[in-house]
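Peer 1: Contents of work-v7.cif (mmCIF, C-alpha atoms and all ligand atoms) are below:
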```cif
data_coords
#
loop_
_atom_site.label_atom_id
_atom_site.label_comp_id
_atom_site.auth_asym_id
_atom_site.auth_seq_id
_atom_site.Cartn_x
_atom_site.Cartn_y
_atom_site.Cartn_z
CA MET A 209 -70.60 -40.58 27.42
CA VAL A 210 -70.03 -43.18 24.72
CA THR A 211 -68.01 -41.64 21.87
CA PRO A 212 -70.53 -41.13 19.06
CA SER A 213 -69.66 -42.81 15.76
CA PRO A 214 -67.88 -40.43 13.38
CA ARG A 215 -70.04 -38.48 10.91
CA LEU A 216 -68.72 -37.09 7.63
CA ALA A 217 -70.45 -33.83 6.69
CA PRO A 218 -69.52 -32.84 3.11
CA SER A 219 -69.60 -29.07 2.67
CA ILE A 220 -71.20 -28.16 -0.67
CA LEU A 221 -69.18 -24.94 -0.64
CA ALA A 222 -66.56 -26.89 -2.59
CA ALA A 223 -69.04 -28.69 -4.86
CA ASP A 224 -69.53 -28.08 -8.60
CA PHE A 225 -72.64 -25.87 -8.56
CA THR A 226 -73.33 -26.59 -12.23
CA ARG A 227 -74.37 -30.09 -11.05
CA LEU A 228 -75.12 -29.62 -7.38
CA GLY A 229 -77.83 -32.27 -7.19
CA GLU A 230 -75.54 -34.97 -8.51
CA GLN A 231 -72.77 -33.87 -6.15
CA VAL A 232 -75.06 -34.08 -3.13
CA GLN A 233 -76.35 -37.50 -4.17
CA ALA A 234 -72.79 -38.74 -4.74
CA ALA A 235 -71.93 -37.71 -1.18
CA GLU A 236 -75.00 -39.49 0.19
CA LEU A 237 -74.18 -42.62 -1.80
CA ALA A 238 -70.61 -42.51 -0.50
CA GLY A 239 -71.77 -42.59 3.12
CA ALA A 240 -72.11 -38.95 4.22
CA SER A 241 -74.11 -38.57 7.45
CA GLN A 242 -75.29 -35.01 6.78
CA ILE A 243 -74.85 -32.24 4.22
CA HIS A 244 -73.10 -29.10 5.43
CA ILE A 245 -74.35 -25.88 3.86
CA ASP A 246 -72.12 -22.83 4.33
CA VAL A 247 -74.22 -19.66 4.29
CA MET A 248 -72.13 -16.50 4.08
CA ASP A 249 -73.58 -12.99 3.90
CA GLY A 250 -70.67 -10.85 2.71
CA ARG A 251 -70.66 -9.03 6.06
CA PHE A 252 -69.76 -11.50 8.83
CA VAL A 253 -67.32 -12.95 6.28
CA GLU A 254 -66.28 -11.52 2.92
CA PRO A 255 -67.94 -13.89 0.41
CA ILE A 256 -71.64 -14.22 -0.33
CA THR A 257 -72.30 -17.92 -0.99
CA MET A 258 -75.78 -19.43 -0.83
CA GLY A 259 -79.15 -18.95 0.82
CA GLN A 260 -82.55 -20.49 1.51
CA ILE A 261 -83.14 -21.34 -2.16
CA VAL A 262 -80.11 -23.66 -2.17
CA VAL A 263 -81.22 -25.34 1.07
CA SER A 264 -84.64 -26.12 -0.39
CA ALA A 265 -83.06 -27.39 -3.62
CA VAL A 266 -80.71 -29.69 -1.70
CA LYS A 267 -83.66 -30.86 0.43
CA ARG A 268 -85.27 -32.18 -2.76
CA VAL A 269 -82.35 -34.43 -3.70
CA THR A 270 -81.29 -36.04 -0.42
CA HIS A 271 -82.76 -37.64 2.69
CA LEU A 272 -79.71 -36.67 4.75
CA PRO A 273 -80.07 -34.07 7.49
CA LEU A 274 -79.13 -30.56 6.31
CA ASP A 275 -76.57 -28.95 8.58
CA VAL A 276 -76.79 -25.20 7.91
CA HIS A 277 -73.87 -23.06 9.08
CA LEU A 278 -74.89 -19.40 9.25
CA MET A 279 -71.81 -17.26 8.84
CA THR A 280 -73.96 -14.14 8.94
CA VAL A 281 -74.38 -11.08 11.12
CA ASP A 282 -77.47 -11.00 13.34
CA PRO A 283 -78.56 -14.57 12.43
CA ASP A 284 -81.82 -14.58 14.43
CA HIS A 285 -83.86 -13.04 11.66
CA LEU A 286 -82.69 -15.81 9.27
CA ILE A 287 -83.53 -18.80 11.50
CA PRO A 288 -87.23 -19.18 10.55
CA SER A 289 -86.69 -19.00 6.78
CA PHE A 290 -83.79 -21.47 6.84
CA ARG A 291 -85.86 -23.87 8.95
CA GLU A 292 -88.72 -23.40 6.48
CA ALA A 293 -86.31 -24.11 3.59
CA GLY A 294 -85.40 -27.46 5.15
CA ALA A 295 -82.53 -26.97 7.60
CA ASP A 296 -82.41 -29.74 10.21
CA TRP A 297 -79.47 -28.30 12.12
CA ILE A 298 -78.92 -24.54 12.32
CA THR A 299 -75.62 -23.24 13.63
CA VAL A 300 -75.02 -19.59 14.49
CA HIS A 301 -71.76 -17.89 15.35
CA ALA A 302 -71.22 -16.84 18.98
CA GLU A 303 -69.40 -13.77 17.56
CA ALA A 304 -72.43 -12.76 15.45
CA SER A 305 -75.46 -13.44 17.65
CA PRO A 306 -76.42 -10.59 19.99
CA ASP A 307 -77.80 -13.19 22.41
CA PRO A 308 -76.72 -16.77 21.55
CA MET A 309 -79.01 -18.30 24.19
CA ARG A 310 -81.95 -16.60 22.48
CA SER A 311 -80.76 -17.87 19.08
CA VAL A 312 -80.50 -21.43 20.43
CA ALA A 313 -83.99 -21.20 21.94
CA ALA A 314 -85.40 -19.88 18.65
CA ILE A 315 -83.84 -22.79 16.72
CA HIS A 316 -85.21 -25.34 19.22
CA ALA A 317 -88.66 -23.69 19.15
CA LEU A 318 -88.80 -24.51 15.43
CA GLY A 319 -87.85 -28.16 16.05
CA ALA A 320 -84.32 -28.00 14.65
CA LYS A 321 -81.05 -28.94 16.32
CA ALA A 322 -79.11 -25.93 17.57
CA GLY A 323 -75.42 -25.41 16.93
CA LEU A 324 -73.02 -22.77 18.12
CA SER A 325 -69.84 -22.00 16.19
CA VAL A 326 -66.68 -20.28 17.36
CA LYS A 327 -63.88 -18.83 15.23
CA PRO A 328 -60.29 -19.93 15.88
CA ASN A 329 -59.47 -17.02 18.19
CA THR A 330 -62.69 -17.10 20.21
CA PRO A 331 -61.93 -18.67 23.59
CA LEU A 332 -64.04 -21.57 24.84
CA ASP A 333 -64.50 -19.67 28.13
CA SER A 334 -66.63 -17.09 26.35
CA ILE A 335 -69.31 -19.68 25.55
CA ILE A 336 -69.08 -22.09 28.50
CA HIS A 337 -72.48 -20.94 29.83
CA LEU A 338 -74.11 -21.94 26.53
CA LEU A 339 -72.75 -25.50 26.35
CA PRO A 340 -75.57 -27.14 28.33
CA ALA A 341 -78.15 -25.78 25.85
CA ILE A 342 -76.64 -26.73 22.49
CA ASP A 343 -76.77 -29.91 20.40
CA LEU A 344 -73.65 -29.07 18.40
CA LEU A 345 -70.44 -27.14 19.02
CA LEU A 346 -68.91 -26.24 15.64
CA ILE A 347 -65.26 -25.43 16.24
CA MET A 348 -63.81 -23.56 13.24
CA THR A 349 -60.43 -25.02 12.44
CA VAL A 350 -59.82 -22.25 9.90
CA GLU A 351 -60.85 -18.59 9.77
CA PRO A 352 -64.38 -18.75 8.29
CA GLY A 353 -64.91 -17.48 4.79
CA PHE A 354 -63.15 -19.70 2.31
CA GLY A 355 -62.74 -23.42 1.66
CA GLY A 356 -59.37 -25.02 0.95
CA GLN A 357 -57.47 -23.38 3.83
CA PRO A 358 -55.02 -25.32 6.03
CA LEU A 359 -56.18 -26.39 9.50
CA ILE A 360 -54.95 -24.07 12.29
CA PRO A 361 -53.30 -26.51 14.76
CA HIS A 362 -54.10 -24.68 18.01
CA THR A 363 -57.82 -25.10 17.32
CA LEU A 364 -57.50 -28.79 18.19
CA GLU A 365 -56.62 -27.72 21.74
CA LYS A 366 -60.07 -26.15 21.89
CA VAL A 367 -61.58 -29.43 20.68
CA ARG A 368 -59.74 -31.27 23.48
CA ALA A 369 -60.86 -28.77 26.10
CA ALA A 370 -64.48 -28.89 24.91
CA ALA A 371 -64.47 -32.70 24.88
CA SER A 372 -63.13 -32.96 28.42
CA LEU A 373 -65.59 -30.36 29.66
CA ARG A 374 -68.38 -32.33 28.02
CA GLU A 375 -67.26 -35.51 29.77
CA SER A 376 -66.79 -33.89 33.17
CA GLN A 377 -70.13 -32.03 33.04
CA ASN A 378 -71.96 -34.82 31.19
CA TYR A 379 -73.13 -32.40 28.46
CA GLY A 380 -74.79 -33.80 25.36
CA PHE A 381 -73.42 -31.67 22.53
CA ALA A 382 -71.53 -33.19 19.59
CA ILE A 383 -68.28 -31.55 18.49
CA SER A 384 -67.89 -30.69 14.82
CA VAL A 385 -64.73 -29.37 13.16
CA ASP A 386 -64.86 -27.26 10.04
CA GLY A 387 -62.00 -26.21 7.81
CA GLY A 388 -58.87 -27.96 6.60
CA ILE A 389 -60.18 -31.41 7.49
CA ASN A 390 -58.63 -33.97 5.14
CA ILE A 391 -56.89 -37.36 5.18
CA SER A 392 -53.88 -35.87 6.99
CA THR A 393 -55.80 -34.03 9.71
CA ILE A 394 -59.03 -35.99 10.32
CA ALA A 395 -57.47 -38.58 12.65
CA ASP A 396 -55.97 -35.87 14.89
CA ALA A 397 -59.32 -34.10 15.02
CA ALA A 398 -61.06 -37.35 15.97
CA GLN A 399 -58.44 -38.13 18.58
CA ALA A 400 -58.98 -34.64 20.05
CA GLY A 401 -62.69 -35.41 20.48
CA ALA A 402 -64.53 -34.33 17.34
CA SER A 403 -67.19 -36.70 16.01
CA ILE A 404 -68.53 -34.64 13.09
CA PHE A 405 -66.15 -33.68 10.28
CA VAL A 406 -67.04 -30.94 7.82
CA VAL A 407 -65.15 -31.75 4.66
CA GLY A 408 -65.25 -29.52 1.60
CA SER A 409 -62.22 -29.57 -0.68
CA ALA A 410 -61.22 -33.00 0.65
CA VAL A 411 -64.42 -34.44 -0.87
CA TYR A 412 -65.06 -32.19 -3.86
CA ASN A 413 -61.88 -31.86 -5.94
CA THR A 414 -60.48 -32.80 -9.33
CA ALA A 415 -57.95 -35.28 -7.92
CA ALA A 416 -60.46 -38.05 -7.29
CA SER A 417 -64.18 -38.81 -7.26
CA VAL A 418 -66.46 -38.06 -4.33
CA ALA A 419 -66.66 -41.79 -3.63
CA GLU A 420 -62.88 -42.22 -3.64
CA ASN A 421 -62.33 -39.15 -1.46
CA MET A 422 -64.97 -40.23 1.05
CA ALA A 423 -63.49 -43.74 1.18
CA ARG A 424 -60.04 -42.29 1.89
CA LEU A 425 -61.41 -40.10 4.68
CA LYS A 426 -63.12 -43.10 6.25
CA GLN A 427 -59.89 -45.09 6.02
CA ALA A 428 -57.98 -42.26 7.68
CA LEU A 429 -60.61 -42.26 10.46
CA GLU A 430 -60.38 -46.06 10.82
CA GLY A 431 -56.65 -45.66 11.19
CA GLU A 432 -57.25 -43.41 14.18
CA LYS A 433 -59.48 -45.99 15.81
CA ALA A 434 -56.99 -48.84 15.24
C1 LIG B 501 -65.77 -21.68 6.19
C2 LIG B 501 -66.29 -22.93 5.53
C3 LIG B 501 -65.17 -23.92 5.11
C4 LIG B 501 -65.73 -25.17 4.50
C5 LIG B 501 -64.76 -26.31 4.61
O1 LIG B 501 -64.68 -21.20 5.62
O2 LIG B 501 -67.11 -23.54 6.49
O3 LIG B 501 -64.44 -24.23 6.26
O4 LIG B 501 -66.87 -25.57 5.11
O5 LIG B 501 -63.80 -26.11 3.65
P1 LIG B 501 -62.55 -27.12 3.47
O6 LIG B 501 -63.00 -28.48 3.93
O7 LIG B 501 -62.25 -27.08 1.99
O8 LIG B 501 -61.48 -26.55 4.32
ZN ZN B 502 -69.12 -24.51 7.67
#
```
Could you quickly redo this structure as structure tokens?
Ligand code: DX5
Ligand code: ZN
Peer 2:
Amino acid sequence: MVTPSPRLAPSILAADFTRLGEQVQAAELAGASQIHIDVMDGRFVEPITMGQIVVSAVKRVTHLPLDVHLMTVDPDHLIPSFREAGADWITVHAEASPDPMRSVAAIHALGAKAGLSVKPNTPLDSIIHLLPAIDLLLIMTVEPGFGGQPLIPHTLEKVRAAASLRESQNYGFAISVDGGINISTIADAAQAGASIFVVGSAVYNTAASVAENMARLKQALEGEKA
């Protein structure tokens, strides 16, 4: 399988919600490939963040695909309304879905791309049977729940293992990493086999503009390819 070109997926979790539209457009202008929307329900993870209303608002200000990450218990009942709101990719957690294969089928039945996410301590073995069916494997490189955490190094082993399994079995899923991805970690994640990079606090921060931060992340990725 040809290594897909790297895709930066800014996570609006870290954005300034008093000007969310501008922040999304700045990310698009700076070369983002998709917008990552972290939905948290206060039960699967502690915070409650954003829901369908934010997805439909973001849909109105960008042409980029919306990559919705459901960090919620029992996600199946949320799939239709998030698709309706404008989600192009819907990712559920293997630890939250009672029947992940059914969740994946439900997402595909609505014409969206189906992602499966695993927390740092969830072994790849537990989801091997699902890999042929998914479009996206979202490997959490931090414990889900909060932005701005440091990447957990052992999670890159899971990226490596998933990438080699994908090659050996000729699966089609893309590997996304989410949490602690920044200019110091993105090259290692790419080298391990990830091609989609969820970036929150590395894009949205007070140290530099969205454009500058995105340019630095792209440079760091280029460095890996050199
Ligand atoms: C789950 C969230 C965060 C976020 C990325 O906690 O999914 O991982 O997207 O946050 P940063 O890029 O700031 O670690
Ligand atoms: Zn996420």
Peer 1: State, in Å with one decimal place, the distance from CA of Arg424 in chain A to CA of Val266 in chain A.
Peer 2: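 Here the two named atoms are 24.5 Å from each other.
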Peer 1: Around ligand LIG 501 (chain B), which protein and nucleic acid residues have at least one atom no more than 9 Å from it, if we count only C-alpha atoms and all ligand atoms? List them as a count of residues only.
Peer 2: 39
Peer 1: Can you work out which one of A:Ser325, A:Thr393, A:Thr330, A:Ser403 has the shortest atom-to-atom distance to ligand ZN 502 (chain B), counting all atoms listed in the file?
Peer 2: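 Looking only at the distances to ligand ZN 502 (chain B), the closest residue turns out to be A:Ser325.
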Peer 1: Give me the residues within 9 Å of Pro283 in chain A as an MDAnalysis selection string, counting only C-alpha atoms and dropping any in the same chain fewer than 3 places off.
Peer 2: chainID A and resid 278:280 286:287 300:301 304:306 311
Peer 1: Is it possible to get the axis-aligned box enclosing range 267-284 of chain A (all listed atoms, 3 Å extra per side) as JSON, with centre and edge lengths in Å rounded to one decimal?
Peer 2:
```
{"center_x": -78.5, "center_y": -24.3, "center_z": 5.4, "size_x": 19.5, "size_y": 32.6, "size_z": 24.1}
```
Peer 1: Could you tell me which of A:Thr299, A:Gln399, A:Asn329, A:Asn413 comes closest to ligand ZN 502 (chain B) if we count all atoms listed in the file?
Peer 2: A:Thr299
Peer 1: One number please: CA of Gly380 in chain A to CA of Met422 in chain A, in Å, one decimal.
Peer 2: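 Computing the Euclidean distance for CA of Gly380 in chain A and CA of Met422 in chain A yields 27.0 Å.
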Peer 1: I'd like the contact shell of Ala369 in chain A - 12 Å cut-off, all atoms listed in the file, skipping same-chain residues fewer than 2 positions apart - returned as a list in words.
Peer 2: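 Result of the neighbour search: Pro331, Leu332, Asp333, Ile336, Ile347, His362, Thr363, Leu364, Glu365, Lys366, Val367, Ala371, Ser372, Leu373, Arg374, Glu375, Ser376, Ile383, Ala400, Gly401 and Ala402 of chain A.
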Peer 1: Do you know which residues are at most 12 Å from Arg310 in chain A counting all atoms listed in the file, after dropping those on the same chain fewer than 6 positions away, and could you put them as a VMD selection string?
Peer 2: chain A and resid 282 to 285 287 300 302 316 to 317 322 324 338 341 to 342
Peer 1: Between CA of Asp224 in chain A and CA of Gly239 in chain A, what is the distance in Å, rounded to a tenth?
Peer 2: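 Calculated distance between CA of Asp224 in chain A and CA of Gly239 in chain A is 18.8 Å.
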Peer 1: With distances taken over all atoms listed in the file, which residue among A:Ser289, A:Ser334, A:Gln233, A:Ser384 lies nearest ligand ZN 502 (chain B)?
Peer 2: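 Distance minimum relative to ligand ZN 502 (chain B) lands on A:Ser384.
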Peer 1: From the list A:Val326, A:Ile335, A:Ala240, A:Ala320, which residue is nearest Arg215 in chain A when using all atoms listed in the file?
Peer 2: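 Of the candidates, the smallest distance to Arg215 in chain A is held by A:Ala240.
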